[in-house]
file my_file.cif (mmCIF, C-alpha atoms and all ligand atoms)
data_data
#
loop_
_atom_site.label_atom_id
_atom_site.label_comp_id
_atom_site.auth_asym_id
_atom_site.auth_seq_id
_atom_site.Cartn_x
_atom_site.Cartn_y
_atom_site.Cartn_z
CA MET A 9 -17.43 33.77 -21.91
CA GLU A 10 -14.92 36.02 -20.18
CA LYS A 11 -12.57 34.36 -17.70
CA GLU A 12 -12.67 35.34 -14.05
CA ASN A 13 -9.00 36.39 -13.84
CA GLU A 14 -9.35 38.57 -16.93
CA ILE A 15 -12.46 40.19 -15.51
CA LEU A 16 -10.73 40.88 -12.20
CA ALA A 17 -7.65 42.33 -13.93
CA LYS A 18 -9.85 44.69 -15.93
CA MET A 19 -11.70 45.65 -12.75
CA GLU A 20 -8.47 46.34 -10.82
CA GLU A 21 -7.46 48.81 -13.50
CA GLU A 22 -10.83 50.53 -13.45
CA PHE A 23 -10.87 50.55 -9.65
CA ALA A 24 -7.52 52.37 -9.57
CA ALA A 25 -8.81 54.90 -12.09
CA LYS A 26 -12.02 55.59 -10.18
CA PHE A 27 -10.91 55.34 -6.56
CA GLY A 28 -7.09 55.22 -6.56
CA ALA A 29 -4.98 52.05 -6.34
CA GLN A 30 -5.55 50.19 -3.05
CA GLU A 31 -5.77 46.71 -1.62
CA THR A 32 -9.19 45.29 -2.48
CA ARG A 33 -11.31 42.28 -1.61
CA ALA A 34 -13.07 40.55 -4.51
CA TYR A 35 -16.50 38.90 -4.48
CA PHE A 36 -18.77 37.12 -6.92
CA SER A 37 -22.52 36.69 -6.77
CA PRO A 38 -24.32 34.61 -9.42
CA GLY A 39 -27.62 35.03 -11.21
CA ARG A 40 -30.12 32.20 -11.26
CA VAL A 41 -32.26 30.20 -13.60
CA ASN A 42 -35.31 28.36 -12.32
CA LEU A 43 -35.76 24.94 -13.92
CA ILE A 44 -39.34 24.47 -12.72
CA GLY A 45 -41.66 25.75 -9.96
CA GLU A 46 -42.74 29.22 -11.11
CA HIS A 47 -44.86 31.63 -9.08
CA THR A 48 -44.96 29.01 -6.34
CA ASP A 49 -42.54 30.61 -3.86
CA TYR A 50 -44.89 33.23 -2.43
CA ASN A 51 -47.63 30.57 -2.44
CA GLY A 52 -45.73 28.40 0.00
CA GLY A 53 -44.76 25.87 -2.67
CA HIS A 54 -41.55 24.39 -4.06
CA VAL A 55 -39.04 25.80 -6.53
CA PHE A 56 -36.12 24.17 -8.30
CA PRO A 57 -33.61 26.85 -9.33
CA CYS A 58 -29.84 26.86 -9.77
CA ALA A 59 -27.22 29.57 -9.59
CA ILE A 60 -25.41 30.25 -12.88
CA SER A 61 -21.92 31.38 -13.73
CA LEU A 62 -23.19 34.70 -15.09
CA GLY A 63 -23.43 37.20 -12.25
CA THR A 64 -21.98 40.22 -10.50
CA TYR A 65 -18.37 40.84 -9.46
CA ALA A 66 -17.30 43.43 -6.89
CA LEU A 67 -13.98 44.89 -5.79
CA VAL A 68 -14.19 46.48 -2.36
CA ALA A 69 -11.93 48.70 -0.26
CA ASP A 70 -12.72 50.10 3.18
CA ARG A 71 -13.17 53.82 3.70
CA ALA A 72 -12.46 55.62 6.96
CA ASP A 73 -15.70 57.67 6.85
CA ASN A 74 -19.38 56.69 6.84
CA LYS A 75 -19.80 57.07 3.07
CA THR A 76 -19.96 54.48 0.30
CA ARG A 77 -19.02 55.32 -3.25
CA ILE A 78 -20.13 52.73 -5.78
CA TYR A 79 -19.59 52.48 -9.53
CA SER A 80 -20.85 49.97 -12.08
CA MET A 81 -18.77 49.36 -15.21
CA ASN A 82 -22.01 48.33 -16.93
CA LEU A 83 -23.76 51.59 -16.11
CA ALA A 84 -20.92 54.01 -16.65
CA ASP A 85 -23.35 56.81 -17.53
CA LYS A 86 -24.66 56.74 -13.96
CA GLY A 87 -21.17 57.59 -12.70
CA VAL A 88 -19.94 57.09 -9.14
CA ILE A 89 -22.96 57.05 -6.80
CA GLU A 90 -22.53 58.07 -3.16
CA PHE A 91 -24.61 57.19 -0.14
CA ALA A 92 -24.30 57.30 3.66
CA MET A 93 -24.14 54.04 5.62
CA SER A 94 -26.99 54.92 7.99
CA GLY A 95 -30.51 56.35 7.91
CA LEU A 96 -31.09 55.50 4.24
CA SER A 97 -34.38 55.72 2.38
CA TYR A 98 -35.24 54.98 -1.25
CA ASP A 99 -33.92 57.69 -3.55
CA LYS A 100 -34.86 57.55 -7.22
CA GLU A 101 -31.85 59.69 -8.10
CA LYS A 102 -29.51 56.97 -6.88
CA ASN A 103 -30.81 54.61 -9.55
CA TRP A 104 -29.41 51.04 -9.31
CA ALA A 105 -27.57 51.87 -6.06
CA ASN A 106 -30.95 51.52 -4.31
CA TYR A 107 -30.35 47.75 -4.28
CA PRO A 108 -27.17 47.89 -2.18
CA MET A 109 -28.64 50.81 -0.20
CA GLY A 110 -31.69 48.71 0.66
CA VAL A 111 -29.48 45.96 2.03
CA VAL A 112 -27.47 48.44 4.14
CA LYS A 113 -30.76 49.76 5.52
CA VAL A 114 -32.31 46.37 6.43
CA PHE A 115 -29.01 45.34 8.04
CA GLU A 116 -29.06 48.49 10.13
CA ASP A 117 -32.70 47.93 11.12
CA ALA A 118 -31.82 44.38 12.15
CA GLY A 119 -29.10 45.72 14.45
CA HIS A 120 -26.15 45.09 12.11
CA LYS A 121 -24.85 48.61 11.83
CA ALA A 122 -21.97 49.43 9.50
CA SER A 123 -19.22 51.42 11.22
CA HIS A 124 -17.70 52.75 8.00
CA GLY A 125 -18.32 52.87 4.25
CA PHE A 126 -16.58 51.42 1.18
CA ASP A 127 -15.36 52.15 -2.30
CA ILE A 128 -17.01 49.50 -4.48
CA LEU A 129 -16.55 48.72 -8.15
CA VAL A 130 -19.12 46.41 -9.72
CA TYR A 131 -19.08 44.54 -12.99
CA GLY A 132 -21.91 42.30 -14.14
CA THR A 133 -21.98 39.58 -16.77
CA LEU A 134 -25.74 39.11 -16.44
CA PRO A 135 -27.90 40.95 -18.91
CA ASN A 136 -29.87 43.52 -16.84
CA GLY A 137 -33.63 43.13 -16.74
CA SER A 138 -33.46 39.68 -18.30
CA GLY A 139 -35.18 37.93 -15.42
CA LEU A 140 -31.99 36.14 -14.37
CA SER A 141 -32.02 37.97 -11.03
CA SER A 142 -29.45 40.68 -11.46
CA SER A 143 -31.15 42.45 -8.54
CA ALA A 144 -30.98 39.48 -6.15
CA SER A 145 -27.38 38.99 -7.27
CA ILE A 146 -26.33 42.47 -6.14
CA GLU A 147 -28.42 42.31 -2.97
CA VAL A 148 -26.82 39.12 -1.67
CA LEU A 149 -23.43 40.44 -2.83
CA THR A 150 -23.93 43.52 -0.65
CA ALA A 151 -25.05 41.36 2.28
CA LEU A 152 -21.85 39.31 2.08
CA ILE A 153 -19.66 42.42 1.77
CA LEU A 154 -21.21 43.80 4.98
CA ASN A 155 -21.12 40.51 6.88
CA ASP A 156 -17.52 39.95 5.91
CA ALA A 157 -16.29 43.47 6.70
CA PHE A 158 -17.97 43.80 10.08
CA GLY A 159 -17.98 40.18 11.29
CA PHE A 160 -21.73 40.13 11.92
CA GLY A 161 -21.58 36.32 11.86
CA LEU A 162 -24.76 35.86 9.83
CA ASP A 163 -25.15 32.60 7.95
CA MET A 164 -26.09 32.65 4.28
CA VAL A 165 -29.78 31.90 4.86
CA GLU A 166 -30.03 34.92 7.18
CA MET A 167 -28.34 37.07 4.54
CA VAL A 168 -30.74 35.72 1.93
CA LYS A 169 -33.74 36.67 4.07
CA LEU A 170 -32.43 40.18 4.68
CA SER A 171 -31.78 40.60 0.96
CA GLN A 172 -35.36 39.62 0.15
CA LYS A 173 -36.54 42.05 2.81
CA ALA A 174 -34.56 44.84 1.13
CA GLU A 175 -36.27 44.11 -2.17
CA ASN A 176 -39.73 43.98 -0.50
CA THR A 177 -39.50 46.95 1.83
CA PHE A 178 -36.90 49.26 0.26
CA VAL A 179 -37.18 48.68 -3.49
CA GLY A 180 -40.91 47.90 -3.21
CA VAL A 181 -41.10 44.67 -5.22
CA ASN A 182 -43.11 42.09 -3.33
CA CYS A 183 -40.98 39.13 -4.51
CA GLY A 184 -40.79 35.70 -2.89
CA ILE A 185 -37.62 34.10 -1.53
CA MET A 186 -36.56 32.06 -4.56
CA ASP A 187 -34.13 34.43 -6.26
CA GLN A 188 -32.11 35.48 -3.24
CA PHE A 189 -32.05 31.88 -2.00
CA ALA A 190 -30.82 30.48 -5.31
CA VAL A 191 -28.19 33.21 -5.61
CA GLY A 192 -26.90 32.86 -2.05
CA MET A 193 -27.21 29.11 -1.58
CA GLY A 194 -26.34 27.90 -5.10
CA LYS A 195 -23.98 24.99 -5.52
CA LYS A 196 -21.94 23.99 -8.56
CA ASP A 197 -23.68 21.37 -10.74
CA CYS A 198 -26.72 21.23 -8.45
CA ALA A 199 -30.22 22.62 -8.47
CA ILE A 200 -31.90 23.40 -5.16
CA LEU A 201 -35.24 21.89 -4.24
CA LEU A 202 -36.55 24.50 -1.83
CA ASP A 203 -39.77 24.30 0.15
CA CYS A 204 -40.67 27.98 0.40
CA ASN A 205 -43.15 27.30 3.19
CA THR A 206 -40.52 25.98 5.62
CA LEU A 207 -37.25 26.95 3.86
CA SER A 208 -36.10 23.35 4.10
CA TYR A 209 -34.06 22.47 1.05
CA ARG A 210 -31.82 19.92 -0.51
CA TYR A 211 -29.40 19.87 -3.43
CA SER A 212 -30.08 17.71 -6.43
CA LYS A 213 -27.20 16.91 -8.78
CA ILE A 214 -27.87 17.93 -12.36
CA ALA A 215 -26.07 15.50 -14.63
CA LEU A 216 -27.70 15.79 -18.02
CA GLU A 217 -26.15 13.09 -20.13
CA GLY A 218 -25.38 14.76 -23.46
CA ALA A 219 -27.69 17.73 -22.92
CA SER A 220 -27.38 21.32 -21.65
CA ILE A 221 -29.44 24.06 -20.10
CA VAL A 222 -29.94 26.77 -22.71
CA ILE A 223 -31.27 30.17 -21.67
CA SER A 224 -32.98 32.20 -24.40
CA ASN A 225 -33.50 35.88 -23.73
CA THR A 226 -36.51 37.55 -25.37
CA ASN A 227 -34.64 40.87 -25.16
CA LYS A 228 -38.04 42.44 -24.68
CA PRO A 229 -37.57 46.02 -23.51
CA HIS A 230 -38.39 46.47 -19.83
CA SER A 231 -42.08 46.08 -19.10
CA LEU A 232 -44.27 46.89 -16.13
CA ALA A 233 -43.65 43.43 -14.76
CA SER A 234 -43.53 44.40 -11.10
CA SER A 235 -47.08 45.78 -10.91
CA ALA A 236 -48.53 42.75 -12.75
CA TYR A 237 -46.47 40.53 -10.41
CA ASN A 238 -47.98 42.16 -7.34
CA VAL A 239 -51.47 41.71 -8.83
CA ARG A 240 -50.89 37.92 -9.25
CA ARG A 241 -49.74 37.72 -5.65
CA ALA A 242 -52.81 39.53 -4.39
CA GLN A 243 -55.12 37.28 -6.45
CA CYS A 244 -53.55 34.17 -4.92
CA GLU A 245 -53.77 35.62 -1.42
CA HIS A 246 -57.44 36.39 -1.89
CA ALA A 247 -58.11 32.89 -3.25
CA LEU A 248 -56.30 31.42 -0.24
CA ASN A 249 -58.43 33.46 2.15
CA GLU A 250 -61.60 32.12 0.55
CA LEU A 251 -60.30 28.56 0.79
CA LYS A 252 -59.53 29.13 4.46
CA GLU A 253 -63.20 29.81 5.08
CA VAL A 254 -63.93 26.18 4.22
CA LYS A 255 -60.58 24.78 5.42
CA PRO A 256 -59.35 26.92 8.31
CA GLU A 257 -56.16 24.92 8.92
CA LEU A 258 -54.82 25.75 5.44
CA ASN A 259 -51.73 28.01 5.53
CA ALA A 260 -50.67 28.12 1.88
CA LEU A 261 -51.76 26.96 -1.56
CA GLY A 262 -48.59 24.89 -1.65
CA GLU A 263 -50.05 22.56 0.99
CA LEU A 264 -52.76 21.24 -1.35
CA SER A 265 -52.71 18.14 -3.55
CA ASN A 266 -54.34 18.49 -6.95
CA GLU A 267 -57.29 16.38 -5.76
CA ALA A 268 -57.80 18.44 -2.63
CA PHE A 269 -57.72 21.61 -4.72
CA ASN A 270 -60.30 20.28 -7.16
CA GLN A 271 -62.62 19.48 -4.28
CA LEU A 272 -62.23 22.88 -2.66
CA ALA A 273 -61.92 25.13 -5.72
CA GLY A 274 -65.62 26.04 -5.73
CA ALA A 275 -65.01 28.10 -2.60
CA ILE A 276 -63.04 30.60 -4.69
CA SER A 277 -65.70 32.95 -6.02
CA GLU A 278 -63.85 34.69 -8.86
CA PRO A 279 -63.12 32.40 -11.85
CA LEU A 280 -59.92 34.31 -12.59
CA GLU A 281 -58.64 33.85 -9.05
CA ARG A 282 -59.57 30.16 -9.18
CA GLN A 283 -57.41 29.89 -12.28
CA ARG A 284 -54.47 31.64 -10.62
CA ALA A 285 -54.72 29.40 -7.57
CA ARG A 286 -54.97 26.32 -9.76
CA HIS A 287 -51.66 27.21 -11.37
CA ALA A 288 -50.01 27.66 -7.98
CA VAL A 289 -51.24 24.27 -6.73
CA LEU A 290 -50.62 22.27 -9.91
CA GLU A 291 -47.23 23.86 -10.52
CA ASN A 292 -46.10 23.01 -7.02
CA ASN A 293 -47.08 19.36 -7.39
CA ARG A 294 -45.62 19.30 -10.90
CA THR A 295 -42.31 20.53 -9.48
CA LEU A 296 -42.14 17.66 -6.99
CA GLU A 297 -43.00 15.19 -9.74
CA ALA A 298 -40.38 16.70 -12.04
CA VAL A 299 -37.60 16.48 -9.45
CA GLU A 300 -38.53 12.89 -8.76
CA ALA A 301 -38.36 12.14 -12.50
CA LEU A 302 -34.99 13.83 -12.89
CA GLU A 303 -33.55 11.97 -9.93
CA ALA A 304 -34.75 8.73 -11.50
CA ASP A 305 -32.89 9.75 -14.70
CA ASP A 306 -36.14 10.28 -16.59
CA VAL A 307 -35.09 13.47 -18.37
CA VAL A 308 -37.82 13.03 -20.97
CA LYS A 309 -40.51 13.22 -18.31
CA PHE A 310 -38.80 16.22 -16.74
CA GLY A 311 -38.88 17.95 -20.13
CA LYS A 312 -42.56 17.17 -20.62
CA LEU A 313 -43.34 18.67 -17.23
CA MET A 314 -41.35 21.79 -18.16
CA ASN A 315 -43.61 22.19 -21.19
CA GLU A 316 -46.71 21.72 -19.03
CA SER A 317 -45.40 24.36 -16.67
CA HIS A 318 -45.28 26.79 -19.58
CA TYR A 319 -48.86 25.97 -20.67
CA SER A 320 -50.08 26.63 -17.14
CA LEU A 321 -48.16 29.91 -16.87
CA ARG A 322 -49.61 30.92 -20.24
CA ASP A 323 -53.22 29.78 -19.80
CA ASP A 324 -53.95 29.91 -16.06
CA TYR A 325 -51.45 32.43 -14.77
CA ASP A 326 -51.23 34.64 -17.86
CA VAL A 327 -47.65 35.79 -17.39
CA THR A 328 -46.03 34.70 -20.66
CA GLY A 329 -46.90 37.08 -23.50
CA LYS A 330 -46.08 36.94 -27.18
CA GLU A 331 -42.29 36.96 -26.88
CA LEU A 332 -41.98 34.13 -24.35
CA ASP A 333 -44.67 32.07 -26.09
CA THR A 334 -42.89 32.48 -29.41
CA LEU A 335 -39.57 31.32 -27.95
CA ALA A 336 -41.16 28.30 -26.26
CA GLU A 337 -43.27 27.30 -29.28
CA LEU A 338 -40.27 27.51 -31.59
CA ALA A 339 -38.16 25.47 -29.19
CA TRP A 340 -40.80 22.73 -28.94
CA GLN A 341 -40.57 22.22 -32.72
CA ILE A 342 -36.86 21.48 -32.72
CA ASP A 343 -35.47 17.95 -32.67
CA GLY A 344 -33.29 17.51 -29.64
CA VAL A 345 -35.27 19.86 -27.38
CA ILE A 346 -36.27 17.88 -24.29
CA GLY A 347 -38.35 20.64 -22.73
CA SER A 348 -38.74 24.41 -22.77
CA ARG A 349 -40.56 26.95 -20.62
CA MET A 350 -40.48 30.54 -19.46
CA THR A 351 -38.39 31.11 -16.32
CA GLY A 352 -38.62 33.81 -13.65
CA ALA A 353 -41.47 36.26 -13.24
CA GLY A 354 -42.44 36.29 -16.94
CA PHE A 355 -43.88 39.11 -19.10
CA GLY A 356 -40.52 39.14 -20.90
CA GLY A 357 -37.15 37.91 -19.74
CA CYS A 358 -36.03 34.40 -20.58
CA THR A 359 -37.00 30.85 -21.34
CA VAL A 360 -35.04 27.83 -20.12
CA SER A 361 -34.69 24.81 -22.39
CA LEU A 362 -33.05 21.42 -22.06
CA VAL A 363 -31.36 20.78 -25.37
CA LYS A 364 -29.29 17.83 -26.59
CA ASN A 365 -25.75 19.02 -27.16
CA GLU A 366 -25.71 18.12 -30.86
CA ALA A 367 -28.86 20.20 -31.40
CA ILE A 368 -27.71 23.44 -29.72
CA GLU A 369 -26.34 25.11 -32.84
CA ALA A 370 -29.46 24.34 -34.87
CA PHE A 371 -31.58 25.48 -31.93
CA LYS A 372 -29.91 28.88 -31.81
CA GLU A 373 -30.05 29.33 -35.54
CA LYS A 374 -33.64 28.24 -36.12
CA VAL A 375 -35.18 29.80 -33.03
CA GLY A 376 -33.11 32.97 -33.54
CA LYS A 377 -34.20 33.40 -37.14
CA ALA A 378 -37.91 32.63 -36.69
CA TYR A 379 -38.17 34.73 -33.52
CA THR A 380 -36.53 37.71 -35.21
CA GLU A 381 -38.91 37.43 -38.17
CA LYS A 382 -41.96 37.32 -35.95
CA ILE A 383 -41.01 39.75 -33.17
CA GLY A 384 -38.83 42.20 -35.08
CA TYR A 385 -35.63 41.92 -33.03
CA ALA A 386 -33.27 39.09 -32.14
CA PRO A 387 -33.16 36.95 -28.99
CA SER A 388 -29.87 36.04 -27.24
CA PHE A 389 -28.75 32.61 -26.10
CA TYR A 390 -26.55 31.44 -23.22
CA VAL A 391 -25.55 27.90 -22.36
CA ALA A 392 -25.79 27.90 -18.57
CA ASN A 393 -23.13 26.55 -16.26
CA ILE A 394 -24.45 25.79 -12.82
CA ALA A 395 -22.29 27.65 -10.32
CA ASP A 396 -21.70 28.21 -6.61
CA GLY A 397 -23.59 30.85 -4.66
CA THR A 398 -22.30 34.27 -3.53
CA HIS A 399 -18.71 34.02 -2.24
CA ARG A 400 -15.49 35.92 -1.65
CA ILE A 401 -12.86 35.32 -4.32
CA LYS A 402 -9.91 36.98 -2.55
C1 LIG B 501 -39.54 36.56 -9.59
C2 LIG B 501 -39.56 36.69 -8.07
C3 LIG B 501 -39.49 35.31 -7.42
C4 LIG B 501 -40.53 34.36 -8.01
C5 LIG B 501 -40.50 34.39 -9.53
C6 LIG B 501 -41.62 33.59 -10.15
O1 LIG B 501 -38.31 36.09 -10.03
O2 LIG B 501 -38.48 37.48 -7.62
O3 LIG B 501 -39.66 35.44 -6.02
O4 LIG B 501 -41.81 34.65 -7.53
O5 LIG B 501 -40.58 35.71 -10.03
O6 LIG B 501 -41.46 32.24 -9.88
#
call {"tool": "encode", "arguments": {"input": "my_file.cif", "output": "structure tokens"}}
result
Amino acid sequence: MEKENEILAKMEEEFAAKFGAQETRAYFSPGRVNLIGEHTDYNGGHVFPCAISLGTYALVADRADNKTRIYSMNLADKGVIEFAMSGLSYDKEKNWANYPMGVVKVFEDAGHKASHGFDILVYGTLPNGSGLSSSASIEVLTALILNDAFGFGLDMVEMVKLSQKAENTFVGVNCGIMDQFAVGMGKKDCAILLDCNTLSYRYSKIALEGASIVISNTNKPHSLASSAYNVRRAQCEHALNELKEVKPELNALGELSNEAFNQLAGAISEPLERQRARHAVLENNRTLEAVEALEADDVVKFGKLMNESHYSLRDDYDVTGKELDTLAELAWQIDGVIGSRMTGAGFGGCTVSLVKNEAIEAFKEKVGKAYTEKIGYAPSFYVANIADGTHRIK
């Protein structure tokens, strides 16, 4: 992996070439991997993600006018993109810059108006579209750049909420709070147990004796994940509304125990929606059980629950698909794999596996070879380091 000082040196050079040499501030915003608790956030349940050392760097200089010019070294073909710092609306032409633009817009709407623009150079070490939250990474990054430059005095949770709002209202993806929260609030060597109903959270130290978190990327070309995602959300909301008819005090699927769900499930008229809701309820309770196991040093149980999470996402929630199922099934066959499941929204993207250190090389080789034979192209692997959330470097 590239070192931070080397990355920043390369960026300084590029910044000077694009915008002219100036004093800059430097920031980093991580990506995230969710260990367990999938499609539970917008159902008022728990998630257990961590921020990772792959993410997005930015160099920033103030401009005197109201314009921002932004350039990504990863998307050089898009060139320098310009936008005004007020009155923004979604503009397809501006491509990836809609993420930072969305954050500028929700800040303005919340009364945090920028009084000037910036020159910004961005460089990402996260593979785009891999489901490791490159979009949340750049959203929270933008929020911190604004908060820092204008002294708005927002705390990180407020910035996280505004970043999610930008994704929901400006970009149009109806995501939950997990990604922005994990990116903004991440802490080195810890996962975050977050209750998405109340936003109460705590850090849980991840000390895997002799094992590592391995991320496997399906490298599946971008799919129509966001429309299928919104459909799952709507199905759960409809199921919840039917449950409320028999249990009016219910606010979220995440409030139900498995037993309570089994008793009430008949109130959900559509079998498919009953299935979706069952995943949301069982996955939430599984997440709490998994965190308890991990904190009691029962990594084996944690791994087993990861596998069960995948079955449920495959069978009840139907968000895995051939590529993710292939990666998980191959992983389960390898000695030294403690657990493996899809992570993130699904439909493509990545799996997360706990792998004993001595088995990592064999894991990459065997899974890589068999996956390539079956799917027709190769996966990629990253050993994840759990990192701090979005911060200023200098
Ligand atoms: C995406 C969304 C999150 C969450 C996950 C599924 O990553 O952005 O809010 O719903 O999918 O757990």
call {"tool": "axis_aligned_box", "arguments": {"input": "my_file.cif", "around": "ligand LIG 501 (chain B)", "padding_each_side": "5 Å", "output": "AutoDock Vina command-line options"}}
result
--center_x -40.1 --center_y 34.9 --center_z -8.1 --size_x 13.5 --size_y 15.2 --size_z 14.1
call {"tool": "atom_distance", "arguments": {"input": "my_file.cif", "atom1": "CA of Met186 (chain A)", "atom2": "CA of Ala339 (chain A)"}}
result
25.5 Å
call {"tool": "residues_near_point", "arguments": {"input": "my_file.cif", "point": "(-36.1, 15.8, -20.9)", "cutoff": "8 Å", "atoms": "only C-alpha atoms", "output": "PyMOL selection string"}}
result
chain A and resi 306-312+345-347+362
call {"tool": "closest_residue", "arguments": {"input": "my_file.cif", "among": "A:Tyr50, A:Phe36, A:Ser235, A:Lys330", "to": "Ala151 (chain A)", "atoms": "only C-alpha atoms"}}
result
A:Phe36
call {"tool": "residues_near_ligand", "arguments": {"input": "my_file.cif", "ligand": "ligand LIG 501 (chain B)", "cutoff": "10 Å", "atoms": "only C-alpha atoms and all ligand atoms", "output": "ChimeraX atom specification"}}
result
/A:40-42,44-51,54-57,139-141,143-144,172,175-176,181-189,204,233-234,237-238,240-241,288,321,327,350-354,357
call {"tool": "closest_residue", "arguments": {"input": "my_file.cif", "among": "A:Cys58, A:Ile89, A:Ile128, A:Val363", "to": "Gln30 (chain A)", "atoms": "only C-alpha atoms"}}
result
A:Ile128
call {"tool": "atom_distance", "arguments": {"input": "my_file.cif", "atom1": "CA of Val360 (chain A)", "atom2": "CA of Ser348 (chain A)"}}
result
5.7 Å
call {"tool": "atom_distance", "arguments": {"input": "my_file.cif", "atom1": "CA of Asn293 (chain A)", "atom2": "CA of Met314 (chain A)"}}
result
12.4 Å
call {"tool": "closest_residue", "arguments": {"input": "my_file.cif", "among": "A:Ala247, A:Thr398, A:Val222, A:Arg210", "to": "Val148 (chain A)", "atoms": "all atoms listed in the file"}}
result
A:Thr398
call {"tool": "closest_residue", "arguments": {"input": "my_file.cif", "among": "A:Met167, A:Ala242, A:Leu258, A:Met193", "to": "Asn205 (chain A)", "atoms": "all atoms listed in the file"}}
result
A:Leu258
call {"tool": "residues_around", "arguments": {"input": "my_file.cif", "residues": "region 124-126 of chain A", "least_positions_apart": "5", "cutoff": "10 Å", "atoms": "all atoms listed in the file", "output": "PDB file with C-alpha atoms, keeping the file's coordinate frame"}}
result
ATOM      1  CA  LEU A  67     -13.980  44.890  -5.790  1.00  0.00           C
ATOM      2  CA  VAL A  68     -14.190  46.480  -2.360  1.00  0.00           C
ATOM      3  CA  ALA A  69     -11.930  48.700  -0.260  1.00  0.00           C
ATOM      4  CA  ASP A  70     -12.720  50.100   3.180  1.00  0.00           C
ATOM      5  CA  ARG A  71     -13.170  53.820   3.700  1.00  0.00           C
ATOM      6  CA  ALA A  72     -12.460  55.620   6.960  1.00  0.00           C
ATOM      7  CA  ASP A  73     -15.700  57.670   6.850  1.00  0.00           C
ATOM      8  CA  ASN A  74     -19.380  56.690   6.840  1.00  0.00           C
ATOM      9  CA  LYS A  75     -19.800  57.070   3.070  1.00  0.00           C
ATOM     10  CA  THR A  76     -19.960  54.480   0.300  1.00  0.00           C
ATOM     11  CA  ARG A  77     -19.020  55.320  -3.250  1.00  0.00           C
ATOM     12  CA  ILE A  78     -20.130  52.730  -5.780  1.00  0.00           C
ATOM     13  CA  GLU A  90     -22.530  58.070  -3.160  1.00  0.00           C
ATOM     14  CA  PHE A  91     -24.610  57.190  -0.140  1.00  0.00           C
ATOM     15  CA  ALA A  92     -24.300  57.300   3.660  1.00  0.00           C
ATOM     16  CA  MET A  93     -24.140  54.040   5.620  1.00  0.00           C
ATOM     17  CA  SER A  94     -26.990  54.920   7.990  1.00  0.00           C
ATOM     18  CA  ILE A 153     -19.660  42.420   1.770  1.00  0.00           C
ATOM     19  CA  LEU A 154     -21.210  43.800   4.980  1.00  0.00           C
ATOM     20  CA  ALA A 157     -16.290  43.470   6.700  1.00  0.00           C
ATOM     21  CA  PHE A 158     -17.970  43.800  10.080  1.00  0.00           C
TER      22      PHE A 158
END
call {"tool": "residues_near_point", "arguments": {"input": "my_file.cif", "point": "(-33.6, 43.8, -19.7)", "cutoff": "7 Å", "atoms": "only C-alpha atoms", "output": "number ranges by chain"}}
result
A: 135-138, 227-230, 357
call {"tool": "write_last_selection", "arguments": {"input": "my_file.cif", "atoms": "C-alpha atoms", "output": "PDB file, in the coordinates of the input"}}
result
ATOM      1  CA  PRO A 135     -27.900  40.950 -18.910  1.00  0.00           C
ATOM      2  CA  ASN A 136     -29.870  43.520 -16.840  1.00  0.00           C
ATOM      3  CA  GLY A 137     -33.630  43.130 -16.740  1.00  0.00           C
ATOM      4  CA  SER A 138     -33.460  39.680 -18.300  1.00  0.00           C
ATOM      5  CA  ASN A 227     -34.640  40.870 -25.160  1.00  0.00           C
ATOM      6  CA  LYS A 228     -38.040  42.440 -24.680  1.00  0.00           C
ATOM      7  CA  PRO A 229     -37.570  46.020 -23.510  1.00  0.00           C
ATOM      8  CA  HIS A 230     -38.390  46.470 -19.830  1.00  0.00           C
ATOM      9  CA  GLY A 357     -37.150  37.910 -19.740  1.00  0.00           C
TER      10      GLY A 357
END
call {"tool": "closest_residue", "arguments": {"input": "my_file.cif", "among": "A:Leu129, A:Leu313, A:Lys121, A:Lys372", "to": "Gly159 (chain A)", "atoms": "only C-alpha atoms"}}
result
A:Lys121
call {"tool": "closest_residue", "arguments": {"input": "my_file.cif", "among": "A:Lys255, A:Lys364, A:Arg286, A:His318", "to": "Leu216 (chain A)", "atoms": "all atoms listed in the file"}}
result
A:Lys364
call {"tool": "decode", "arguments": {"input": "my_file.cif", "residues": "region 235-241 of chain A", "atoms": "N, CA and C atoms", "output": "compact mmCIF listing (two decimals), in the first residue's frame"}}
result
# COMPACT_ATOMS: atom_id res chain seq x y z
N SER A 235 -31.48 1.33 -7.58
CA SER A 235 -32.92 1.16 -7.69
C SER A 235 -33.38 -0.08 -6.92
N ALA A 236 -32.62 -1.18 -6.98
CA ALA A 236 -32.98 -2.38 -6.22
C ALA A 236 -32.92 -2.09 -4.72
N TYR A 237 -31.96 -1.26 -4.32
CA TYR A 237 -31.82 -0.86 -2.91
C TYR A 237 -33.09 -0.14 -2.46
N ASN A 238 -33.52 0.82 -3.25
CA ASN A 238 -34.72 1.58 -2.88
C ASN A 238 -35.95 0.68 -2.82
N VAL A 239 -36.00 -0.34 -3.67
CA VAL A 239 -37.13 -1.29 -3.63
C VAL A 239 -37.13 -2.06 -2.30
N ARG A 240 -35.94 -2.54 -1.85
CA ARG A 240 -35.87 -3.26 -0.57
C ARG A 240 -36.35 -2.37 0.58
N ARG A 241 -35.94 -1.14 0.54
CA ARG A 241 -36.35 -0.19 1.58
C ARG A 241 -37.85 -0.05 1.61
